[in-house]
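Engineer: The structure file model-v1.cif (mmCIF, C-alpha atoms and all ligand atoms) is provided below.
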```cif
data_upload
loop_
_atom_site.label_atom_id
_atom_site.label_comp_id
_atom_site.auth_asym_id
_atom_site.auth_seq_id
_atom_site.Cartn_x
_atom_site.Cartn_y
_atom_site.Cartn_z
CA MET A 29 -78.70 76.67 25.08
CA ILE A 30 -80.13 74.57 22.26
CA GLU A 31 -79.27 75.74 18.78
CA ILE A 32 -81.36 74.33 15.96
CA LYS A 33 -79.50 75.34 12.84
CA ASN A 34 -81.31 75.14 9.52
CA ILE A 35 -82.53 71.55 9.93
CA THR A 36 -84.32 69.89 7.04
CA ARG A 37 -85.57 66.30 6.94
CA LYS A 38 -86.75 64.65 3.77
CA PHE A 39 -88.43 61.27 3.43
CA GLU A 40 -87.74 60.43 -0.22
CA HIS A 41 -89.27 63.43 -2.06
CA PHE A 42 -91.42 64.61 0.87
CA THR A 43 -90.03 67.37 3.10
CA ALA A 44 -91.30 66.81 6.66
CA VAL A 45 -89.09 69.48 8.29
CA ASP A 46 -88.13 72.46 6.17
CA ASN A 47 -85.16 74.58 7.22
CA LEU A 48 -86.08 75.13 10.89
CA ASP A 49 -83.80 77.60 12.62
CA PHE A 50 -84.23 78.73 16.22
CA THR A 51 -82.55 78.72 19.63
CA VAL A 52 -83.95 77.94 23.07
CA SER A 53 -82.33 79.31 26.23
CA GLU A 54 -82.18 78.19 29.84
CA GLY A 55 -85.40 78.85 31.76
CA GLU A 56 -87.53 78.78 28.63
CA VAL A 57 -90.46 76.39 28.33
CA LEU A 58 -91.13 76.22 24.63
CA GLY A 59 -94.48 74.92 23.39
CA PHE A 60 -94.03 73.32 20.00
CA LEU A 61 -97.34 73.37 18.16
CA GLY A 62 -98.70 72.42 14.81
CA PRO A 63 -101.49 70.49 13.12
CA ASN A 64 -101.25 66.71 12.58
CA GLY A 65 -98.32 65.88 10.33
CA ALA A 66 -96.71 69.34 10.68
CA GLY A 67 -93.35 67.81 11.60
CA LYS A 68 -93.31 68.14 15.41
CA SER A 69 -92.28 64.57 16.28
CA THR A 70 -89.75 64.48 13.46
CA THR A 71 -88.17 67.68 14.81
CA MET A 72 -88.04 66.27 18.34
CA LYS A 73 -86.41 63.08 17.11
CA ILE A 74 -83.77 65.18 15.33
CA ILE A 75 -83.14 67.39 18.39
CA THR A 76 -82.64 64.30 20.57
CA GLY A 77 -80.40 62.54 18.05
CA PHE A 78 -82.81 59.68 17.31
CA LEU A 79 -83.12 60.72 13.69
CA ALA A 80 -80.48 62.34 11.50
CA PRO A 81 -81.44 65.50 9.62
CA SER A 82 -81.01 65.52 5.84
CA SER A 83 -79.16 68.80 6.38
CA GLY A 84 -78.49 71.23 9.23
CA THR A 85 -77.28 70.64 12.78
CA VAL A 86 -78.43 70.69 16.40
CA VAL A 87 -76.08 71.88 19.15
CA ILE A 88 -76.87 71.19 22.81
CA ASP A 89 -74.87 73.38 25.20
CA GLY A 90 -72.02 73.53 22.73
CA HIS A 91 -72.12 69.82 21.80
CA ASP A 92 -73.13 68.81 18.30
CA ILE A 93 -75.80 66.06 18.47
CA THR A 94 -74.13 64.12 15.64
CA ASN A 95 -70.41 64.64 16.21
CA GLU A 96 -70.50 64.71 20.02
CA ALA A 97 -73.53 62.50 20.48
CA LEU A 98 -72.59 61.08 23.89
CA GLN A 99 -71.99 64.46 25.56
CA ALA A 100 -75.06 66.01 23.92
CA LYS A 101 -77.39 63.09 24.73
CA SER A 102 -76.29 62.93 28.37
CA LEU A 103 -77.79 66.43 28.79
CA ILE A 104 -81.19 65.40 27.39
CA GLY A 105 -84.22 63.72 28.91
CA TYR A 106 -86.67 62.59 26.22
CA LEU A 107 -90.26 61.47 26.49
CA PRO A 108 -91.03 60.11 23.01
CA GLU A 109 -94.50 59.94 21.52
CA GLY A 110 -96.32 56.99 23.10
CA ALA A 111 -93.53 56.51 25.68
CA PRO A 112 -92.24 53.08 24.65
CA SER A 113 -90.75 50.97 27.43
CA TYR A 114 -90.37 47.29 28.37
CA PRO A 115 -93.87 45.93 29.08
CA ASP A 116 -92.66 42.82 30.97
CA MET A 117 -90.69 44.80 33.52
CA THR A 118 -92.08 46.21 36.71
CA VAL A 119 -91.98 49.99 37.12
CA VAL A 120 -89.12 49.74 39.64
CA SER A 121 -87.03 47.30 37.61
CA PHE A 122 -87.47 49.39 34.45
CA LEU A 123 -86.40 52.58 36.24
CA GLU A 124 -83.44 50.78 37.86
CA PHE A 125 -82.45 49.59 34.40
CA ILE A 126 -82.61 53.16 33.03
CA ALA A 127 -80.65 54.43 36.06
CA GLU A 128 -77.88 51.90 35.33
CA ILE A 129 -77.78 52.95 31.68
CA ARG A 130 -77.36 56.52 32.93
CA GLY A 131 -74.36 55.37 34.98
CA TYR A 132 -75.86 55.25 38.49
CA ARG A 133 -74.92 52.32 40.75
CA ASP A 134 -75.92 50.94 44.18
CA GLN A 135 -77.30 53.50 46.61
CA GLU A 136 -77.17 56.35 44.12
CA ARG A 137 -79.21 54.28 41.66
CA ASP A 138 -81.77 53.44 44.33
CA SER A 139 -82.10 57.02 45.48
CA ARG A 140 -82.58 58.33 41.90
CA VAL A 141 -85.33 55.75 41.34
CA GLU A 142 -86.94 56.56 44.68
CA TYR A 143 -86.81 60.28 43.82
CA VAL A 144 -88.55 59.95 40.42
CA ILE A 145 -91.16 57.53 41.74
CA LYS A 146 -92.07 60.19 44.29
CA GLN A 147 -91.89 63.09 41.80
CA VAL A 148 -94.21 61.42 39.28
CA GLU A 149 -96.36 59.66 41.92
CA LEU A 150 -95.76 56.08 40.85
CA GLY A 151 -95.55 54.62 44.37
CA SER A 152 -98.85 52.76 44.19
CA VAL A 153 -97.82 50.84 41.04
CA ALA A 154 -94.08 50.53 41.64
CA GLU A 155 -94.11 46.71 41.72
CA GLN A 156 -96.63 46.31 38.89
CA ARG A 157 -95.63 45.15 35.40
CA ILE A 158 -95.73 48.07 32.93
CA GLU A 159 -98.04 46.25 30.49
CA THR A 160 -100.73 46.08 33.18
CA LEU A 161 -100.75 49.86 33.79
CA SER A 162 -103.34 52.33 32.57
CA LYS A 163 -102.34 54.71 29.77
CA GLY A 164 -101.85 57.57 32.21
CA PHE A 165 -99.53 55.58 34.45
CA LYS A 166 -97.53 54.35 31.41
CA ARG A 167 -97.09 58.00 30.42
CA ARG A 168 -95.86 58.80 33.90
CA VAL A 169 -93.31 55.96 33.69
CA GLY A 170 -92.12 57.61 30.47
CA LEU A 171 -91.81 60.93 32.27
CA ALA A 172 -89.97 59.30 35.16
CA GLN A 173 -87.31 57.81 32.89
CA ALA A 174 -86.94 61.19 31.12
CA ILE A 175 -86.19 63.12 34.33
CA LEU A 176 -84.25 60.40 36.19
CA HIS A 177 -80.78 61.85 35.50
CA ASP A 178 -81.92 65.42 36.19
CA PRO A 179 -81.17 66.47 32.62
CA LYS A 180 -80.55 70.06 31.68
CA VAL A 181 -82.77 69.71 28.61
CA LEU A 182 -86.21 68.09 28.63
CA ILE A 183 -87.90 67.18 25.35
CA LEU A 184 -91.47 66.05 25.96
CA ASP A 185 -93.61 64.82 23.07
CA GLU A 186 -97.25 65.24 24.14
CA PRO A 187 -96.53 64.66 27.86
CA THR A 188 -100.16 64.80 29.02
CA ASP A 189 -101.62 62.69 26.22
CA GLY A 190 -104.04 60.18 27.74
CA LEU A 191 -103.97 61.62 31.24
CA ASP A 192 -107.11 62.49 33.16
CA PRO A 193 -107.65 66.17 34.19
CA ASN A 194 -106.09 65.67 37.65
CA GLN A 195 -103.02 63.98 36.22
CA LYS A 196 -102.73 66.66 33.53
CA HIS A 197 -102.76 69.32 36.22
CA HIS A 198 -100.12 67.45 38.20
CA VAL A 199 -97.81 66.94 35.20
CA ARG A 200 -98.10 70.63 34.27
CA ASP A 201 -97.12 71.59 37.84
CA LEU A 202 -94.22 69.18 37.57
CA ILE A 203 -93.04 70.70 34.27
CA ARG A 204 -93.29 74.21 35.74
CA ASN A 205 -91.21 73.16 38.77
CA LEU A 206 -88.64 71.29 36.71
CA ALA A 207 -88.31 74.16 34.25
CA LYS A 208 -86.64 76.60 36.62
CA ASP A 209 -83.07 75.70 35.72
CA LYS A 210 -83.72 73.74 32.54
CA ILE A 211 -84.62 74.08 28.91
CA VAL A 212 -87.96 72.43 28.17
CA ILE A 213 -89.54 71.79 24.79
CA VAL A 214 -93.09 70.45 24.93
CA SER A 215 -94.95 69.31 21.87
CA THR A 216 -98.69 69.39 22.36
CA HIS A 217 -102.05 69.66 20.67
CA ILE A 218 -103.58 71.06 23.82
CA LEU A 219 -103.48 74.82 23.62
CA GLU A 220 -104.51 75.40 27.22
CA GLU A 221 -101.29 73.58 28.11
CA VAL A 222 -99.31 76.26 26.31
CA SER A 223 -101.02 79.07 28.16
CA ALA A 224 -100.57 77.11 31.42
CA VAL A 225 -96.88 76.18 31.25
CA CYS A 226 -95.04 77.73 28.31
CA THR A 227 -93.05 80.95 28.25
CA ARG A 228 -92.85 80.81 24.45
CA ALA A 229 -94.64 79.04 21.62
CA ILE A 230 -93.54 78.12 18.12
CA ILE A 231 -96.18 77.04 15.63
CA ILE A 232 -95.07 74.99 12.66
CA SER A 233 -97.05 74.08 9.58
CA GLU A 234 -95.83 71.85 6.77
CA GLY A 235 -92.41 71.70 8.40
CA ARG A 236 -91.90 75.48 8.62
CA ILE A 237 -92.15 78.02 11.43
CA VAL A 238 -95.24 80.19 10.98
CA ALA A 239 -95.28 81.88 14.41
CA ASP A 240 -92.87 82.41 17.30
CA GLY A 241 -93.69 84.43 20.41
CA THR A 242 -94.95 84.38 23.98
CA PRO A 243 -98.42 82.85 24.38
CA ALA A 244 -99.74 86.36 25.15
CA GLU A 245 -98.20 87.78 21.95
CA LEU A 246 -99.78 85.04 19.84
CA GLU A 247 -103.15 85.39 21.60
CA ALA A 248 -103.11 89.11 20.85
CA GLN A 249 -102.87 88.35 17.12
CA ALA A 250 -106.02 86.20 17.05
CA PRO A 251 -108.48 87.57 14.50
CA GLU A 252 -111.85 88.43 16.07
CA GLU A 253 -113.85 86.21 13.70
CA HIS A 254 -111.99 83.09 14.94
CA ILE A 255 -112.51 83.76 18.65
CA VAL A 256 -115.11 81.49 20.21
CA THR A 257 -114.23 82.35 23.79
CA SER A 258 -112.13 85.29 24.96
CA ALA A 259 -110.34 83.19 27.63
CA ALA A 260 -106.61 82.79 26.91
CA PRO A 261 -106.61 79.25 25.41
CA GLY A 262 -109.58 80.23 23.23
CA ARG A 263 -107.61 83.17 21.81
CA LEU A 264 -104.57 80.98 21.21
CA GLU A 265 -106.73 78.42 19.45
CA ALA A 266 -108.17 81.19 17.28
CA PHE A 267 -104.67 82.31 16.32
CA PHE A 268 -103.56 78.70 15.73
CA ARG A 269 -106.48 78.08 13.36
CA HIS A 270 -105.92 81.39 11.59
CA ILE A 271 -102.26 80.73 10.93
CA THR A 272 -102.35 77.01 10.12
CA GLU A 273 -105.54 76.91 8.03
CA LYS A 274 -104.75 79.68 5.58
CA GLY A 275 -101.27 78.66 4.50
CA VAL A 276 -99.85 81.91 5.86
CA GLN A 277 -96.30 82.70 4.67
CA ALA A 278 -93.60 81.26 6.94
CA VAL A 279 -91.72 83.81 9.06
N1 LIG A 301 -90.27 57.51 8.62
C1 LIG A 301 -91.08 58.24 7.84
N2 LIG A 301 -91.22 57.96 6.52
C2 LIG A 301 -92.00 58.70 5.71
N3 LIG A 301 -92.72 59.77 6.14
C3 LIG A 301 -92.62 60.09 7.44
C4 LIG A 301 -91.80 59.35 8.36
N4 LIG A 301 -91.92 59.93 9.59
C5 LIG A 301 -92.76 60.97 9.45
N5 LIG A 301 -93.17 61.07 8.18
C6 LIG A 301 -94.11 62.09 7.64
O1 LIG A 301 -93.62 63.36 7.99
C7 LIG A 301 -94.70 64.24 8.32
C8 LIG A 301 -94.46 64.82 9.71
O2 LIG A 301 -94.68 63.78 10.66
P1 LIG A 301 -94.57 64.04 12.23
O3 LIG A 301 -94.84 62.74 12.92
O4 LIG A 301 -93.29 64.74 12.53
O5 LIG A 301 -95.76 65.06 12.45
P2 LIG A 301 -96.40 65.60 13.81
O6 LIG A 301 -96.45 67.09 13.68
O7 LIG A 301 -95.66 65.06 14.98
O8 LIG A 301 -97.86 65.00 13.71
P3 LIG A 301 -98.90 64.51 14.88
O9 LIG A 301 -99.38 65.75 15.53
O10 LIG A 301 -99.97 63.84 14.08
O11 LIG A 301 -98.15 63.59 15.79
C9 LIG A 301 -95.98 63.42 8.19
O12 LIG A 301 -96.55 63.67 6.93
C10 LIG A 301 -95.49 61.98 8.29
O13 LIG A 301 -96.32 61.11 7.56
#
```
Go ahead and express the file in the form of structure tokens.
Structural biologist:
Amino acid sequence: MIEIKNITRKFEHFTAVDNLDFTVSEGEVLGFLGPNGAGKSTTMKIITGFLAPSSGTVVIDGHDITNEALQAKSLIGYLPEGAPSYPDMTVVSFLEFIAEIRGYRDQERDSRVEYVIKQVELGSVAEQRIETLSKGFKRRVGLAQAILHDPKVLILDEPTDGLDPNQKHHVRDLIRNLAKDKIVIVSTHILEEVSAVCTRAIIISEGRIVADGTPAELEAQAPEEHIVTSAAPGRLEAFFRHITEKGVQAV
């Protein structure tokens, strides 16, 4: 279980994340939504221990991300925004490097790398330098390093950003398959992604939670005047606009 306990993050006088408090359980795929600047990436950086909160704590399976950072971080796979990596390295050498950092050696290292290359379909570019890859393939390298150690918790910041429709479809299938025995938090702007892969969605606005429910529950709350299409993502978009445009009271 992930416990996010009253986290707040200030940048000087600006509050980017404002007292967020929620838990995520095994088997849940949580879509983390919000308009630009709502505080999604900041929250993900705090959950993964890359950024300290100004106040509050995050506990991953009983381990505090600040006080027991090593144990907590070993349970997490993180795809940051933009998926930074080492552009000079080939895909294989980068993934071998990550595998070593994760403590794998020799045959075990090679088999982990082989496994993720297959999972994320990187075989055709395995020996290519990362800087020469298309945006979609770079994103897949980021996904590969996030899942390499088969982490219990996956935090994915806009995982399908820059992918073509086929790749998007493939990555969503992958997330669905991986999610069975994991906790997944996916930040996205793409609402059809939420309907496609998430069991729950949280919408934040100005650093605060304004909605929390299953995609179907949120879709059902869409006001008729906002609905452009009655298909599921259209309803979710209508609800998203309704709740983030009007400055609705945080729940
Ligand atoms: N290091 C920083 N210093 C000052 N302000 C920051 C810093 N990092 C983030 N912010 C501000 O905090 C707010 C939340 O940013 P964040 O990147 O978390 O939003 P987001 O929801 O991920 O947005 P997007 O959807 O555009 O990626 C923004 O107003 C941003 O400018």
Engineer: Could you give me the residues within 8 Å of ligand LIG 301 (chain A), counting all atoms listed in the file, as a PDB file with C-alpha atoms, keeping the file's coordinate frame?
Structural biologist:
```pdb
ATOM      1  CA  PHE A  39     -88.430  61.270   3.430  1.00  0.00           C
ATOM      2  CA  GLU A  40     -87.740  60.430  -0.220  1.00  0.00           C
ATOM      3  CA  PHE A  42     -91.420  64.610   0.870  1.00  0.00           C
ATOM      4  CA  THR A  43     -90.030  67.370   3.100  1.00  0.00           C
ATOM      5  CA  ALA A  44     -91.300  66.810   6.660  1.00  0.00           C
ATOM      6  CA  VAL A  45     -89.090  69.480   8.290  1.00  0.00           C
ATOM      7  CA  LEU A  61     -97.340  73.370  18.160  1.00  0.00           C
ATOM      8  CA  GLY A  62     -98.700  72.420  14.810  1.00  0.00           C
ATOM      9  CA  PRO A  63    -101.490  70.490  13.120  1.00  0.00           C
ATOM     10  CA  ASN A  64    -101.250  66.710  12.580  1.00  0.00           C
ATOM     11  CA  GLY A  65     -98.320  65.880  10.330  1.00  0.00           C
ATOM     12  CA  ALA A  66     -96.710  69.340  10.680  1.00  0.00           C
ATOM     13  CA  GLY A  67     -93.350  67.810  11.600  1.00  0.00           C
ATOM     14  CA  LYS A  68     -93.310  68.140  15.410  1.00  0.00           C
ATOM     15  CA  SER A  69     -92.280  64.570  16.280  1.00  0.00           C
ATOM     16  CA  THR A  70     -89.750  64.480  13.460  1.00  0.00           C
ATOM     17  CA  THR A  71     -88.170  67.680  14.810  1.00  0.00           C
ATOM     18  CA  MET A  72     -88.040  66.270  18.340  1.00  0.00           C
ATOM     19  CA  GLU A 109     -94.500  59.940  21.520  1.00  0.00           C
ATOM     20  CA  THR A 216     -98.690  69.390  22.360  1.00  0.00           C
ATOM     21  CA  HIS A 217    -102.050  69.660  20.670  1.00  0.00           C
ATOM     22  CA  GLU A 234     -95.830  71.850   6.770  1.00  0.00           C
ATOM     23  CA  GLY A 235     -92.410  71.700   8.400  1.00  0.00           C
TER      24      GLY A 235
END
```
Engineer: With only C-alpha atoms as the counted atoms, please give the residues lying no more than 10 Å from Asp138 in chain A, apart from itself and same-chain residues fewer than 4 positions off, as a PyMOL selection string.
Structural biologist: chain A and resi 120+123-124+127-128+132-134+142-143
Engineer: Those same residues - C-alpha atoms - I'd like them written as a PDB file, in the coordinates of the input.
Structural biologist:
```pdb
ATOM      1  CA  VAL A 120     -89.120  49.740  39.640  1.00  0.00           C
ATOM      2  CA  LEU A 123     -86.400  52.580  36.240  1.00  0.00           C
ATOM      3  CA  GLU A 124     -83.440  50.780  37.860  1.00  0.00           C
ATOM      4  CA  ALA A 127     -80.650  54.430  36.060  1.00  0.00           C
ATOM      5  CA  GLU A 128     -77.880  51.900  35.330  1.00  0.00           C
ATOM      6  CA  TYR A 132     -75.860  55.250  38.490  1.00  0.00           C
ATOM      7  CA  ARG A 133     -74.920  52.320  40.750  1.00  0.00           C
ATOM      8  CA  ASP A 134     -75.920  50.940  44.180  1.00  0.00           C
ATOM      9  CA  GLU A 142     -86.940  56.560  44.680  1.00  0.00           C
ATOM     10  CA  TYR A 143     -86.810  60.280  43.820  1.00  0.00           C
TER      11      TYR A 143
END
```
Engineer: Which distance in Å separates CA of Arg37 in chain A and CA of Val181 in chain A, to one decimal?
Structural biologist: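 Going from CA of Arg37 in chain A over to CA of Val181 in chain A, I get 22.1 Å.
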Engineer: With only C-alpha atoms as the atoms that count, which of A:Asp192, A:Glu186, A:Asp209, A:Asp116 lies nearest to Ile158 in chain A?
Structural biologist: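 Comparing A:Asp192, A:Glu186, A:Asp209, A:Asp116 against Ile158 in chain A, the winner is A:Asp116.
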Engineer: Between A:Ile211, A:Ala224, A:Leu264, A:Val169, which is the closest to Ile30 in chain A once you count only C-alpha atoms?
Structural biologist: A:Ile211
Engineer: By how many Å are CA of Ala266 in chain A and CA of Ser53 in chain A apart?
Structural biologist: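 Computing it gives 27.4 Å between the two atoms.
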Engineer: Rounded to one decimal place, report the CA of Gln195 in chain A-CA of Glu221 in chain A distance in Å.
Structural biologist: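 Rounded to one decimal, the two atoms are 12.7 Å apart.
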Engineer: So, counting only C-alpha atoms, which residue among A:Tyr106, A:Phe267, A:Phe60, A:Tyr114 is closest to Gln173 in chain A?
Structural biologist: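 Distance minimum relative to Gln173 in chain A lands on A:Tyr106.
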Engineer: Find the residues around Arg157 in chain A up to 8 Å (only C-alpha atoms counted), leave out those fewer than 4 positions away in its own chain, and share them as a PyMOL selection string.
Structural biologist: chain A and resi 115-119+161
Engineer: Counting all atoms listed in the file, what is within 12 Å of Arg130 in chain A, bar same-chain residues fewer than 4 positions away, as a count of residues only?
Structural biologist: 21
Engineer: If we count only C-alpha atoms and set the cut-off at 10 Å, which residues sit around Phe50 in chain A, ignoring sequence neighbours fewer than 6 positions away in its own chain? Please answer as a tab-separated table (two decimals) with C-alpha atoms, in the frame of the given file.
Structural biologist:
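Wrote it out as part-v4.tsv, contents follow:
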```
chain	number	residue	atom	x	y	z
A	30	ILE	CA	-80.13	74.57	22.26
A	31	GLU	CA	-79.27	75.74	18.78
A	32	ILE	CA	-81.36	74.33	15.96
A	33	LYS	CA	-79.50	75.34	12.84
A	34	ASN	CA	-81.31	75.14	9.52
A	35	ILE	CA	-82.53	71.55	9.93
A	86	VAL	CA	-78.43	70.69	16.40
A	230	ILE	CA	-93.54	78.12	18.12
A	237	ILE	CA	-92.15	78.02	11.43
A	240	ASP	CA	-92.87	82.41	17.30
```
Engineer: A:Val238, A:Leu182, A:Leu191, A:Ile129: which is nearest Lys163 in chain A, counting all atoms listed in the file?
Structural biologist: A:Leu191
